[in-house]
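Just run_16.txt here, compact mmCIF, N, CA and C atoms:
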```txt
# COMPACT_ATOMS: atom_id res chain seq x y z
N ARG V 54 -12.35 38.05 -15.91
CA ARG V 54 -12.12 37.21 -17.06
C ARG V 54 -13.32 36.32 -17.35
N CYS V 55 -13.92 35.80 -16.32
CA CYS V 55 -15.07 34.92 -16.55
C CYS V 55 -16.20 35.67 -17.23
N SER V 56 -16.43 36.91 -16.82
CA SER V 56 -17.50 37.68 -17.46
C SER V 56 -17.16 37.96 -18.91
N CYS V 57 -15.88 38.12 -19.22
CA CYS V 57 -15.45 38.30 -20.61
C CYS V 57 -15.81 37.06 -21.42
N SER V 58 -15.50 35.92 -20.87
CA SER V 58 -15.78 34.65 -21.55
C SER V 58 -17.28 34.47 -21.79
N VAL V 59 -18.07 34.76 -20.79
CA VAL V 59 -19.54 34.66 -20.93
C VAL V 59 -20.03 35.61 -22.00
N ASP V 60 -19.51 36.82 -22.01
CA ASP V 60 -19.92 37.82 -23.00
C ASP V 60 -19.56 37.38 -24.42
N VAL V 61 -18.38 36.80 -24.60
CA VAL V 61 -17.96 36.34 -25.92
C VAL V 61 -18.87 35.20 -26.38
N ILE V 62 -19.11 34.25 -25.50
CA ILE V 62 -20.00 33.14 -25.86
C ILE V 62 -21.37 33.66 -26.24
N ALA V 63 -21.90 34.58 -25.46
CA ALA V 63 -23.22 35.15 -25.74
C ALA V 63 -23.25 35.91 -27.06
N SER V 64 -22.14 36.51 -27.43
CA SER V 64 -22.11 37.28 -28.68
C SER V 64 -22.03 36.38 -29.92
N ILE V 65 -21.54 35.16 -29.73
CA ILE V 65 -21.37 34.24 -30.86
C ILE V 65 -22.52 33.25 -30.97
N LEU V 66 -22.93 32.70 -29.84
CA LEU V 66 -23.88 31.60 -29.82
C LEU V 66 -25.23 32.07 -29.29
N PRO V 67 -26.30 31.91 -30.07
CA PRO V 67 -27.62 32.27 -29.56
C PRO V 67 -27.95 31.48 -28.29
N TYR V 68 -28.69 32.09 -27.40
CA TYR V 68 -29.01 31.47 -26.11
C TYR V 68 -29.68 30.11 -26.28
N ASP V 69 -30.61 29.99 -27.20
CA ASP V 69 -31.30 28.72 -27.41
C ASP V 69 -30.33 27.61 -27.81
N ASP V 70 -29.33 27.94 -28.62
CA ASP V 70 -28.33 26.95 -29.02
C ASP V 70 -27.46 26.54 -27.83
N TYR V 71 -27.15 27.52 -26.98
CA TYR V 71 -26.39 27.23 -25.77
C TYR V 71 -27.16 26.27 -24.86
N VAL V 72 -28.44 26.55 -24.66
CA VAL V 72 -29.27 25.69 -23.81
C VAL V 72 -29.36 24.28 -24.39
N LYS V 73 -29.53 24.18 -25.70
CA LYS V 73 -29.58 22.85 -26.34
C LYS V 73 -28.29 22.08 -26.09
N ALA V 74 -27.16 22.72 -26.29
CA ALA V 74 -25.88 22.05 -26.12
C ALA V 74 -25.66 21.62 -24.67
N GLU V 75 -25.97 22.47 -23.74
CA GLU V 75 -25.81 22.13 -22.32
C GLU V 75 -26.75 20.99 -21.93
N THR V 76 -27.95 20.98 -22.48
CA THR V 76 -28.90 19.90 -22.21
C THR V 76 -28.37 18.58 -22.75
N ILE V 77 -27.85 18.59 -23.96
CA ILE V 77 -27.28 17.38 -24.55
C ILE V 77 -26.13 16.86 -23.69
N LEU V 78 -25.24 17.74 -23.28
CA LEU V 78 -24.11 17.32 -22.45
C LEU V 78 -24.58 16.73 -21.13
N SER V 79 -25.60 17.32 -20.55
CA SER V 79 -26.15 16.81 -19.30
C SER V 79 -26.79 15.44 -19.50
N MET V 80 -27.55 15.28 -20.57
CA MET V 80 -28.21 14.01 -20.84
C MET V 80 -27.20 12.90 -21.16
N ARG V 81 -26.09 13.24 -21.74
CA ARG V 81 -25.06 12.25 -22.07
C ARG V 81 -24.41 11.66 -20.82
N GLN V 82 -24.51 12.35 -19.71
CA GLN V 82 -23.92 11.85 -18.47
C GLN V 82 -24.80 10.80 -17.80
N GLY V 83 -26.04 10.68 -18.23
CA GLY V 83 -26.96 9.73 -17.63
C GLY V 83 -26.70 8.31 -18.09
N LEU V 84 -27.60 7.45 -17.68
CA LEU V 84 -27.53 6.03 -18.03
C LEU V 84 -28.80 5.64 -18.79
N GLY V 85 -28.74 4.53 -19.46
CA GLY V 85 -29.93 3.98 -20.08
C GLY V 85 -30.13 4.42 -21.52
N GLN V 86 -31.35 4.16 -22.00
CA GLN V 86 -31.67 4.42 -23.40
C GLN V 86 -31.58 5.90 -23.77
N GLN V 87 -32.05 6.77 -22.89
CA GLN V 87 -32.00 8.20 -23.22
C GLN V 87 -30.57 8.68 -23.39
N ALA V 88 -29.70 8.30 -22.49
CA ALA V 88 -28.30 8.70 -22.60
C ALA V 88 -27.68 8.14 -23.87
N ALA V 89 -28.02 6.89 -24.19
CA ALA V 89 -27.49 6.27 -25.40
C ALA V 89 -27.96 7.02 -26.64
N MET V 90 -29.21 7.47 -26.63
CA MET V 90 -29.74 8.22 -27.77
C MET V 90 -28.96 9.53 -27.95
N PHE V 91 -28.67 10.21 -26.85
CA PHE V 91 -27.95 11.48 -26.94
C PHE V 91 -26.50 11.28 -27.34
N ASN V 92 -25.94 10.11 -27.07
CA ASN V 92 -24.57 9.81 -27.46
C ASN V 92 -24.46 9.35 -28.91
N ALA V 93 -25.53 8.82 -29.46
CA ALA V 93 -25.46 8.19 -30.78
C ALA V 93 -25.97 9.07 -31.93
N THR V 94 -26.44 10.25 -31.64
CA THR V 94 -27.06 11.08 -32.67
C THR V 94 -26.07 12.11 -33.20
N LYS V 95 -25.78 12.04 -34.50
CA LYS V 95 -24.81 12.93 -35.15
C LYS V 95 -25.21 14.40 -35.01
N GLN V 96 -26.50 14.68 -35.13
CA GLN V 96 -26.98 16.06 -35.02
C GLN V 96 -26.58 16.66 -33.66
N PHE V 97 -26.65 15.86 -32.61
CA PHE V 97 -26.27 16.35 -31.29
C PHE V 97 -24.78 16.62 -31.21
N ASP V 98 -23.98 15.79 -31.91
CA ASP V 98 -22.54 16.02 -31.94
C ASP V 98 -22.21 17.39 -32.54
N ASP V 99 -22.94 17.76 -33.58
CA ASP V 99 -22.71 19.06 -34.23
C ASP V 99 -23.05 20.22 -33.30
N ILE V 100 -24.13 20.08 -32.55
CA ILE V 100 -24.55 21.14 -31.61
C ILE V 100 -23.50 21.32 -30.52
N VAL V 101 -23.01 20.21 -29.98
CA VAL V 101 -22.00 20.26 -28.92
C VAL V 101 -20.68 20.80 -29.48
N ALA V 102 -20.32 20.39 -30.68
CA ALA V 102 -19.08 20.88 -31.30
C ALA V 102 -19.12 22.39 -31.48
N ASN V 103 -20.28 22.91 -31.84
CA ASN V 103 -20.43 24.36 -32.00
C ASN V 103 -20.21 25.07 -30.67
N LEU V 104 -20.75 24.51 -29.59
CA LEU V 104 -20.51 25.08 -28.26
C LEU V 104 -19.03 25.03 -27.92
N ARG V 105 -18.38 23.92 -28.18
CA ARG V 105 -16.95 23.78 -27.87
C ARG V 105 -16.10 24.78 -28.65
N ARG V 106 -16.43 24.99 -29.93
CA ARG V 106 -15.71 25.99 -30.73
C ARG V 106 -15.90 27.38 -30.16
N THR V 107 -17.11 27.67 -29.74
CA THR V 107 -17.40 28.98 -29.16
C THR V 107 -16.64 29.17 -27.85
N GLN V 108 -16.59 28.14 -27.03
CA GLN V 108 -15.84 28.22 -25.78
C GLN V 108 -14.35 28.41 -26.04
N ALA V 109 -13.83 27.75 -27.06
CA ALA V 109 -12.41 27.91 -27.41
C ALA V 109 -12.14 29.34 -27.87
N GLU V 110 -13.03 29.88 -28.67
CA GLU V 110 -12.88 31.27 -29.12
C GLU V 110 -12.88 32.23 -27.93
N ALA V 111 -13.76 31.99 -26.99
CA ALA V 111 -13.83 32.84 -25.80
C ALA V 111 -12.54 32.74 -25.00
N GLU V 112 -11.99 31.56 -24.89
CA GLU V 112 -10.73 31.40 -24.16
C GLU V 112 -9.60 32.16 -24.86
N ILE V 113 -9.56 32.09 -26.17
CA ILE V 113 -8.53 32.81 -26.91
C ILE V 113 -8.65 34.31 -26.71
N ARG V 114 -9.87 34.81 -26.79
CA ARG V 114 -10.08 36.26 -26.67
C ARG V 114 -9.85 36.78 -25.27
N CYS V 115 -10.16 35.98 -24.26
CA CYS V 115 -10.17 36.50 -22.89
C CYS V 115 -8.97 36.10 -22.04
N PHE V 116 -8.33 34.99 -22.37
CA PHE V 116 -7.31 34.48 -21.48
C PHE V 116 -5.92 34.42 -22.08
N LYS V 117 -5.74 34.84 -23.29
CA LYS V 117 -4.41 34.79 -23.91
C LYS V 117 -3.87 36.17 -24.08
```
Give the structure from the file, written as structure tokens.
Amino acid sequence: RCSCSVDVIASILPYDDYVKAETILSMRQGLGQQAAMFNATKQFDDIVANLRRTQAEAEIRCFK
């Protein structure tokens, strides 16, 4: 099932977009000005939302 989920995500979301979203999520966990910047930027919210939608689609296709 996990490989199904990875395959679905890969088929929907380009790898570069996936890396950007994961980087943003990682940076948001930090402290200080950099973390605040990643939390306050609308453009980053859109990138992360796209990853979340893709993950939800993968869950629907593979686990339901």
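Shortest separation to Glu75 of chain V among V:Ala93, V:Ala88, V:Leu104, V:Val59 occurs at residue V:Leu104, atoms counted being all atoms listed in the file.
For Glu110 of chain V, the non-local neighbours within 12 Å, defined as residues at least 3 positions apart in the same chain or in other chains and counting only C-alpha atoms, are Cys57, Ser58, Val59, Asp60, Val61, Ile62, Ala63, Ser64, Ile65, Leu66, Asn103, Leu104, Arg105, Arg106, Thr107, Ile113, Arg114, Cys115, Phe116 and Lys117 of chain V.
Atom CA of Met80 of chain V sits 12.2 Å away from atom CA of Thr94 of chain V.
A straight line drawn from atom C of Gln108 of chain V to atom CA of Gly83 of chain V is 24.1 Å long.
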Which protein, DNA or RNA residues are at most 6 Å from (-25.1, 13.8, -26.4) in the file's coordinates when you count all atoms listed in the file, listed as an NGL selection string? :V and (77-78 or 80-81 or 90-93 or 97-98)
Please measure the separation of atom N of Ala109 of chain V and atom C of Ala89 of chain V, giving the value in Å to one decimal. 25.1 Å
